[in-house]
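Just start06.cif here, mmCIF, C-alpha atoms and all ligand atoms:
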```
data_final
#
loop_
_atom_site.group_PDB
_atom_site.id
_atom_site.type_symbol
_atom_site.label_atom_id
_atom_site.label_comp_id
_atom_site.auth_asym_id
_atom_site.auth_seq_id
_atom_site.Cartn_x
_atom_site.Cartn_y
_atom_site.Cartn_z
ATOM 1 C CA MET P 1 -6.331 22.015 -22.133
ATOM 2 C CA ALA P 2 -6.170 23.867 -25.448
ATOM 3 C CA LYS P 3 -3.000 23.239 -27.431
ATOM 4 C CA THR P 4 -3.258 26.397 -29.522
ATOM 5 C CA ILE P 5 -4.076 30.031 -28.864
ATOM 6 C CA THR P 6 -5.838 32.539 -31.130
ATOM 7 C CA LEU P 7 -3.665 35.455 -32.224
ATOM 8 C CA GLU P 8 -5.518 38.487 -33.541
ATOM 9 C CA ILE P 9 -3.669 41.615 -34.676
ATOM 10 C CA VAL P 10 -5.623 44.729 -35.607
ATOM 11 C CA THR P 11 -4.692 48.348 -36.291
ATOM 12 C CA PRO P 12 -7.060 51.343 -36.454
ATOM 13 C CA ASP P 13 -7.448 50.815 -40.207
ATOM 14 C CA LYS P 14 -7.139 47.065 -40.797
ATOM 15 C CA MET P 15 -7.311 43.504 -39.539
ATOM 16 C CA VAL P 16 -3.760 42.259 -40.022
ATOM 17 C CA LEU P 17 -4.026 38.667 -38.896
ATOM 18 C CA LYS P 18 -6.205 36.096 -37.161
ATOM 19 C CA GLU P 19 -4.655 32.645 -36.697
ATOM 20 C CA GLU P 20 -4.609 29.670 -34.366
ATOM 21 C CA VAL P 21 -0.964 29.461 -33.251
ATOM 22 C CA ASP P 22 1.282 27.479 -30.904
ATOM 23 C CA TYR P 23 3.201 30.382 -29.327
ATOM 24 C CA VAL P 24 3.434 34.191 -29.496
ATOM 25 C CA GLY P 25 6.544 36.282 -28.770
ATOM 26 C CA ALA P 26 5.959 40.033 -28.629
ATOM 27 C CA PRO P 27 8.046 43.193 -28.107
ATOM 28 C CA GLY P 28 6.596 44.553 -24.865
ATOM 29 C CA ILE P 29 7.560 48.026 -23.745
ATOM 30 C CA ASN P 30 9.695 46.438 -21.004
ATOM 31 C CA GLY P 31 11.178 43.704 -23.190
ATOM 32 C CA GLU P 32 9.999 40.662 -25.065
ATOM 33 C CA PHE P 33 7.327 38.428 -23.546
ATOM 34 C CA GLY P 34 6.169 34.983 -24.611
ATOM 35 C CA VAL P 35 2.707 33.447 -24.486
ATOM 36 C CA LEU P 36 1.737 29.767 -24.623
ATOM 37 C CA PRO P 37 -1.881 28.530 -24.713
ATOM 38 C CA ASN P 38 -3.641 28.803 -21.309
ATOM 39 C CA HIS P 39 -1.501 31.706 -20.133
ATOM 40 C CA ILE P 40 -2.783 33.767 -17.199
ATOM 41 C CA PRO P 41 -4.429 37.043 -18.274
ATOM 42 C CA PHE P 42 -2.322 40.186 -18.523
ATOM 43 C CA LEU P 43 -2.064 43.433 -20.429
ATOM 44 C CA SER P 44 1.119 44.960 -21.847
ATOM 45 C CA ALA P 45 1.993 48.062 -23.810
ATOM 46 C CA LEU P 46 3.933 47.293 -26.972
ATOM 47 C CA GLY P 47 7.267 48.718 -28.013
ATOM 48 C CA ILE P 48 8.585 48.603 -31.549
ATOM 49 C CA GLY P 49 9.914 45.515 -33.281
ATOM 50 C CA SER P 50 9.041 42.056 -34.485
ATOM 51 C CA LEU P 51 6.212 40.074 -33.012
ATOM 52 C CA TYR P 52 6.427 36.411 -33.989
ATOM 53 C CA TYR P 53 4.270 33.371 -33.724
ATOM 54 C CA LYS P 54 5.067 29.694 -34.041
ATOM 55 C CA LEU P 55 2.911 27.411 -36.094
ATOM 56 C CA ASN P 56 3.785 23.798 -36.960
ATOM 57 C CA GLY P 57 7.421 24.370 -36.024
ATOM 58 C CA LYS P 58 7.842 27.503 -38.151
ATOM 59 C CA LYS P 59 8.287 31.110 -36.999
ATOM 60 C CA TYR P 60 6.271 33.880 -38.697
ATOM 61 C CA PHE P 61 7.007 37.579 -38.177
ATOM 62 C CA VAL P 62 4.892 40.730 -37.968
ATOM 63 C CA PHE P 63 6.286 44.240 -37.512
ATOM 64 C CA VAL P 64 4.459 46.161 -34.777
ATOM 65 C CA ALA P 65 4.911 49.666 -33.396
ATOM 66 C CA GLY P 66 3.013 50.924 -30.370
ATOM 67 C CA GLY P 67 -0.315 49.838 -28.949
ATOM 68 C CA PHE P 68 -1.316 47.093 -26.522
ATOM 69 C CA ALA P 69 -1.493 43.336 -26.211
ATOM 70 C CA GLU P 70 -4.230 41.732 -24.153
ATOM 71 C CA VAL P 71 -3.570 38.141 -23.138
ATOM 72 C CA SER P 72 -6.215 35.679 -21.971
ATOM 73 C CA PRO P 73 -5.925 31.858 -21.747
ATOM 74 C CA ALA P 74 -7.442 31.342 -25.223
ATOM 75 C CA LYS P 75 -6.477 34.513 -27.069
ATOM 76 C CA VAL P 76 -3.834 37.194 -27.629
ATOM 77 C CA THR P 77 -5.365 40.401 -28.982
ATOM 78 C CA VAL P 78 -2.905 42.943 -30.322
ATOM 79 C CA LEU P 79 -4.207 46.474 -30.902
ATOM 80 C CA ALA P 80 -1.246 48.030 -32.673
ATOM 81 C CA GLU P 81 -0.820 51.581 -33.917
ATOM 82 C CA VAL P 82 0.854 50.109 -37.012
ATOM 83 C CA ALA P 83 1.476 46.496 -37.991
ATOM 84 C CA GLU P 84 2.516 44.654 -41.143
ATOM 85 C CA ARG P 85 3.128 40.984 -41.814
ATOM 86 C CA ALA P 86 6.742 40.447 -42.909
ATOM 87 C CA GLU P 87 5.633 39.576 -46.453
ATOM 88 C CA ASP P 88 3.723 42.878 -46.718
ATOM 89 C CA ILE P 89 6.706 45.030 -45.749
ATOM 90 C CA ASP P 90 7.927 47.094 -48.670
ATOM 91 C CA LEU P 91 11.725 47.080 -48.241
ATOM 92 C CA GLU P 92 12.338 49.889 -50.714
ATOM 93 C CA ARG P 93 9.841 52.113 -48.925
ATOM 94 C CA ALA P 94 11.533 51.370 -45.600
ATOM 95 C CA ARG P 95 14.943 52.216 -47.120
ATOM 96 C CA ARG P 96 13.583 55.522 -48.419
ATOM 97 C CA ALA P 97 12.119 56.282 -44.964
ATOM 98 C CA GLN P 98 15.534 55.468 -43.435
ATOM 99 C CA ASP P 99 17.297 57.836 -45.864
ATOM 100 C CA ARG P 100 14.812 60.637 -45.179
ATOM 101 C CA ALA P 101 15.173 60.243 -41.413
ATOM 102 C CA GLU P 102 18.980 60.170 -41.623
ATOM 103 C CA GLN P 103 19.041 63.277 -43.823
ATOM 104 C CA ARG P 104 16.724 65.112 -41.427
ATOM 105 C CA ALA P 105 18.787 64.092 -38.413
ATOM 106 C CA LYS P 106 21.833 65.790 -40.021
ATOM 107 C CA GLN P 107 20.027 69.105 -40.492
ATOM 108 C CA GLN P 108 20.875 71.833 -38.024
ATOM 109 C CA GLN P 109 17.314 73.086 -37.698
ATOM 110 C CA GLU P 110 16.108 74.564 -34.465
ATOM 111 C CA LYS P 111 12.594 73.328 -35.012
ATOM 112 C CA LEU P 112 13.610 69.745 -35.837
ATOM 113 C CA ASP P 113 11.469 67.245 -33.937
ATOM 114 C CA HIS P 114 14.287 64.893 -32.928
ATOM 115 C CA ALA P 115 11.968 62.392 -31.253
ATOM 116 C CA ALA P 116 9.839 62.086 -34.416
ATOM 117 C CA VAL P 117 12.935 61.650 -36.594
ATOM 118 C CA GLN P 118 14.336 58.953 -34.286
ATOM 119 C CA ALA P 119 10.944 57.193 -34.191
ATOM 120 C CA ALA P 120 10.727 57.207 -38.015
ATOM 121 C CA LEU P 121 14.267 55.832 -38.233
ATOM 122 C CA ALA P 122 13.451 53.107 -35.692
ATOM 123 C CA ARG P 123 10.342 52.076 -37.667
ATOM 124 C CA ALA P 124 12.349 51.862 -40.890
ATOM 125 C CA LEU P 125 15.176 49.815 -39.341
ATOM 126 C CA HIS P 126 12.817 47.447 -37.495
ATOM 127 C CA ARG P 127 10.754 46.907 -40.666
ATOM 128 C CA MET P 128 13.866 45.887 -42.585
ATOM 129 C CA LYS P 129 15.031 43.636 -39.760
ATOM 130 C CA CYS P 130 11.586 42.014 -39.472
ATOM 131 C CA ARG P 131 11.460 41.162 -43.149
ATOM 132 C CA GLN P 132 15.075 39.931 -43.229
ATOM 133 C CA THR P 133 14.537 37.710 -40.189
ATOM 134 C CA ALA P 134 11.440 36.193 -41.790
ATOM 135 C CA VAL P 135 13.388 35.542 -45.006
ATOM 136 C CA SER P 136 16.174 33.827 -43.069
ATOM 137 C CA GLU P 137 13.599 31.722 -41.171
ATOM 138 C CA GLY P 138 12.130 30.666 -44.508
ATOM 139 C CA THR P 139 8.629 32.065 -43.855
ATOM 140 C CA CYS P 140 8.873 35.015 -46.243
ATOM 141 C CA ARG P 141 10.184 35.189 -49.808
ATOM 142 C CA MET P 142 13.064 37.548 -50.701
HETATM 143 P P1 LIG I 201 6.606 56.150 -44.544
HETATM 144 O O1 LIG I 201 7.397 57.425 -44.329
HETATM 145 O O2 LIG I 201 7.193 55.276 -45.601
HETATM 146 O O3 LIG I 201 5.104 56.382 -44.685
HETATM 147 P P2 LIG I 201 6.197 55.608 -41.753
HETATM 148 O O4 LIG I 201 7.056 54.858 -40.768
HETATM 149 O O5 LIG I 201 6.039 57.070 -41.499
HETATM 150 O O6 LIG I 201 6.801 55.297 -43.192
HETATM 151 P P3 LIG I 201 3.764 54.689 -40.622
HETATM 152 O O7 LIG I 201 3.204 55.985 -40.134
HETATM 153 O O8 LIG I 201 4.412 53.800 -39.615
HETATM 154 O O9 LIG I 201 4.766 54.954 -41.849
HETATM 155 O O10 LIG I 201 2.625 53.858 -41.362
HETATM 156 C C1 LIG I 201 1.649 54.455 -42.230
HETATM 157 C C2 LIG I 201 0.969 53.341 -43.012
HETATM 158 O O11 LIG I 201 1.853 52.844 -44.023
HETATM 159 C C3 LIG I 201 0.592 52.121 -42.159
HETATM 160 O O12 LIG I 201 -0.607 51.554 -42.678
HETATM 161 C C4 LIG I 201 1.763 51.167 -42.357
HETATM 162 O O13 LIG I 201 1.345 49.805 -42.181
HETATM 163 C C5 LIG I 201 2.164 51.465 -43.805
HETATM 164 N N1 LIG I 201 3.620 51.331 -44.060
HETATM 165 C C6 LIG I 201 4.593 52.206 -43.734
HETATM 166 N N2 LIG I 201 5.791 51.803 -44.173
HETATM 167 C C7 LIG I 201 5.581 50.613 -44.795
HETATM 168 C C8 LIG I 201 6.445 49.671 -45.451
HETATM 169 N N3 LIG I 201 7.763 49.875 -45.562
HETATM 170 N N4 LIG I 201 5.891 48.565 -45.980
HETATM 171 C C9 LIG I 201 4.550 48.361 -45.875
HETATM 172 N N5 LIG I 201 3.688 49.183 -45.264
HETATM 173 C C10 LIG I 201 4.189 50.311 -44.718
#
```
Show the structure stored in the file as structure tokens.
Amino acid sequence: MAKTITLEIVTPDKMVLKEEVDYVGAPGINGEFGVLPNHIPFLSALGIGSLYYKLNGKKYFVFVAGGFAEVSPAKVTVLAEVAERAEDIDLERARRAQDRAEQRAKQQQEKLDHAAVQAALARALHRMKCRQTAVSEGTCRM
């Protein structure tokens, strides 16, 4: 029985990661799910948040938003709408996106797309949380 599982994360514009890992935890649309090597096949839509994988006792984090995960015994394939490794998250950019979304949410405009504003705010907050969690786990520099 294999002791590791391949994790591949791709978005429409880039290959984010391909690694042999010990465990994958992902933000499914109906809550987090975990995958060990030799898991039975399944397919799940992804929500927004931090996907993580364990490798040699350490936890590594990747921000994902939307898309699908396909699980087979030897591989987890994540087709995400957007994804960034924790170390590639630009905190300042996320803070600016948070500010913009909060300012827009305060505007009393009839045509304001509230769902889009809330989605942008959620992406910004989850990006910051993803990077901070990785820093506190010691797998990403400040
Ligand atoms: P922004 O308003 O800053 O563009 P956004 O949430 O609207 O944020 P997305 O549409 O989710 O951005 O992503 C567009 C592209 O920019 C994607 O390739 C995504 O990986 C990248 N990206 C967005 N925000 C960041 C960030 N804070 N750090 C690193 N990459 C980011």
Item to complete: Kindly work out which residues sit at most 9 Å from ligand LIG 201 (chain I), using all atoms listed in the file, and give the list as a ChimeraX atom specification.
Response: /P:11-14,63-65,81-98,100-101,119-124,127-128
Please, could you write that set of residues out with C-alpha atoms as an mmCIF file, in the frame of the given file?
```cif
data_model
loop_
_atom_site.group_PDB
_atom_site.id
_atom_site.type_symbol
_atom_site.label_atom_id
_atom_site.label_comp_id
_atom_site.auth_asym_id
_atom_site.auth_seq_id
_atom_site.Cartn_x
_atom_site.Cartn_y
_atom_site.Cartn_z
ATOM 1 C CA THR P 11 -4.692 48.348 -36.291
ATOM 2 C CA PRO P 12 -7.060 51.343 -36.454
ATOM 3 C CA ASP P 13 -7.448 50.815 -40.207
ATOM 4 C CA LYS P 14 -7.139 47.065 -40.797
ATOM 5 C CA PHE P 63 6.286 44.240 -37.512
ATOM 6 C CA VAL P 64 4.459 46.161 -34.777
ATOM 7 C CA ALA P 65 4.911 49.666 -33.396
ATOM 8 C CA GLU P 81 -0.820 51.581 -33.917
ATOM 9 C CA VAL P 82 0.854 50.109 -37.012
ATOM 10 C CA ALA P 83 1.476 46.496 -37.991
ATOM 11 C CA GLU P 84 2.516 44.654 -41.143
ATOM 12 C CA ARG P 85 3.128 40.984 -41.814
ATOM 13 C CA ALA P 86 6.742 40.447 -42.909
ATOM 14 C CA GLU P 87 5.633 39.576 -46.453
ATOM 15 C CA ASP P 88 3.723 42.878 -46.718
ATOM 16 C CA ILE P 89 6.706 45.030 -45.749
ATOM 17 C CA ASP P 90 7.927 47.094 -48.670
ATOM 18 C CA LEU P 91 11.725 47.080 -48.241
ATOM 19 C CA GLU P 92 12.338 49.889 -50.714
ATOM 20 C CA ARG P 93 9.841 52.113 -48.925
ATOM 21 C CA ALA P 94 11.533 51.370 -45.600
ATOM 22 C CA ARG P 95 14.943 52.216 -47.120
ATOM 23 C CA ARG P 96 13.583 55.522 -48.419
ATOM 24 C CA ALA P 97 12.119 56.282 -44.964
ATOM 25 C CA GLN P 98 15.534 55.468 -43.435
ATOM 26 C CA ARG P 100 14.812 60.637 -45.179
ATOM 27 C CA ALA P 101 15.173 60.243 -41.413
ATOM 28 C CA ALA P 119 10.944 57.193 -34.191
ATOM 29 C CA ALA P 120 10.727 57.207 -38.015
ATOM 30 C CA LEU P 121 14.267 55.832 -38.233
ATOM 31 C CA ALA P 122 13.451 53.107 -35.692
ATOM 32 C CA ARG P 123 10.342 52.076 -37.667
ATOM 33 C CA ALA P 124 12.349 51.862 -40.890
ATOM 34 C CA ARG P 127 10.754 46.907 -40.666
ATOM 35 C CA MET P 128 13.866 45.887 -42.585
#
```
Fill in: Test item: the PyMOL selection byres (((chain P and resi 53) around 6) and not hetatm) resolved as a ChimeraX atom specification
/P:23-24,52,54,59-60
Tell me, as a PDB file with C-alpha atoms, in the frame of the given file, which residues lie within 7 Å of stretch 47-49 of chain P, counting all atoms listed in the file; anything in the same chain fewer than 2 positions away does not count.
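Dumped to around_25.pdb:
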```pdb
ATOM      1  CA  PRO P  27       8.046  43.193 -28.107  1.00  0.00           C
ATOM      2  CA  GLY P  28       6.596  44.553 -24.865  1.00  0.00           C
ATOM      3  CA  ILE P  29       7.560  48.026 -23.745  1.00  0.00           C
ATOM      4  CA  ALA P  45       1.993  48.062 -23.810  1.00  0.00           C
ATOM      5  CA  LEU P  51       6.212  40.074 -33.012  1.00  0.00           C
ATOM      6  CA  PHE P  63       6.286  44.240 -37.512  1.00  0.00           C
ATOM      7  CA  VAL P  64       4.459  46.161 -34.777  1.00  0.00           C
ATOM      8  CA  ALA P  65       4.911  49.666 -33.396  1.00  0.00           C
ATOM      9  CA  GLY P  66       3.013  50.924 -30.370  1.00  0.00           C
ATOM     10  CA  HIS P 126      12.817  47.447 -37.495  1.00  0.00           C
TER      11      HIS P 126
END
```
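Considering all atoms listed in the file, the residue among P:Val62, P:Ala116, P:Val78, P:Val71 positioned nearest to P:Cys130 is P:Val62.
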Worksheet item: Can you tell me, as a ChimeraX atom specification, what residues are no more than 9 Å from P:Phe42 when counting all atoms listed in the file, ignoring any on the same chain fewer than 4 positions away?
Response: /P:69-72
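For the file at hand, the PyMOL selection byres (((chain P and resi 32-39) around 7) and not hetatm) resolves to Ala2, Lys3, Thr4, Ile5, Asp22, Tyr23, Val24, Gly25, Ala26, Pro27, Gly28, Gly31, Ile40, Pro41, Ser72, Pro73 and Ala74 of chain P.
Of the listed residues P:Met1, P:Lys75, P:Phe61, P:Leu43, the one whose atoms come nearest to P:Glu20 is P:Lys75, with distances taken using all atoms listed in the file.
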Discussion item. I'd like the neighbourhood of P:Glu137 as a ChimeraX atom specification, where a residue qualifies if any of its atoms comes within 10 Å (using only C-alpha atoms), though same-chain residues fewer than 2 positions away should be ignored.
Written reply: /P:58-61,131-135,139-141
Worksheet, complete the sentence: Correct to one decimal, the distance atom CA of P:His114-atom CA of P:Asn30 is 22.4 Å
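Atom pair atom CA of P:Asp99 / atom CA of P:Leu79 has a distance of 28.6 Å (rounded to one decimal).
Distances here use all atoms listed in the file; by that measure, the residue among P:Ser44, P:Leu112, P:Glu19, P:Ser50 closest to P:Lys129 is P:Ser50.
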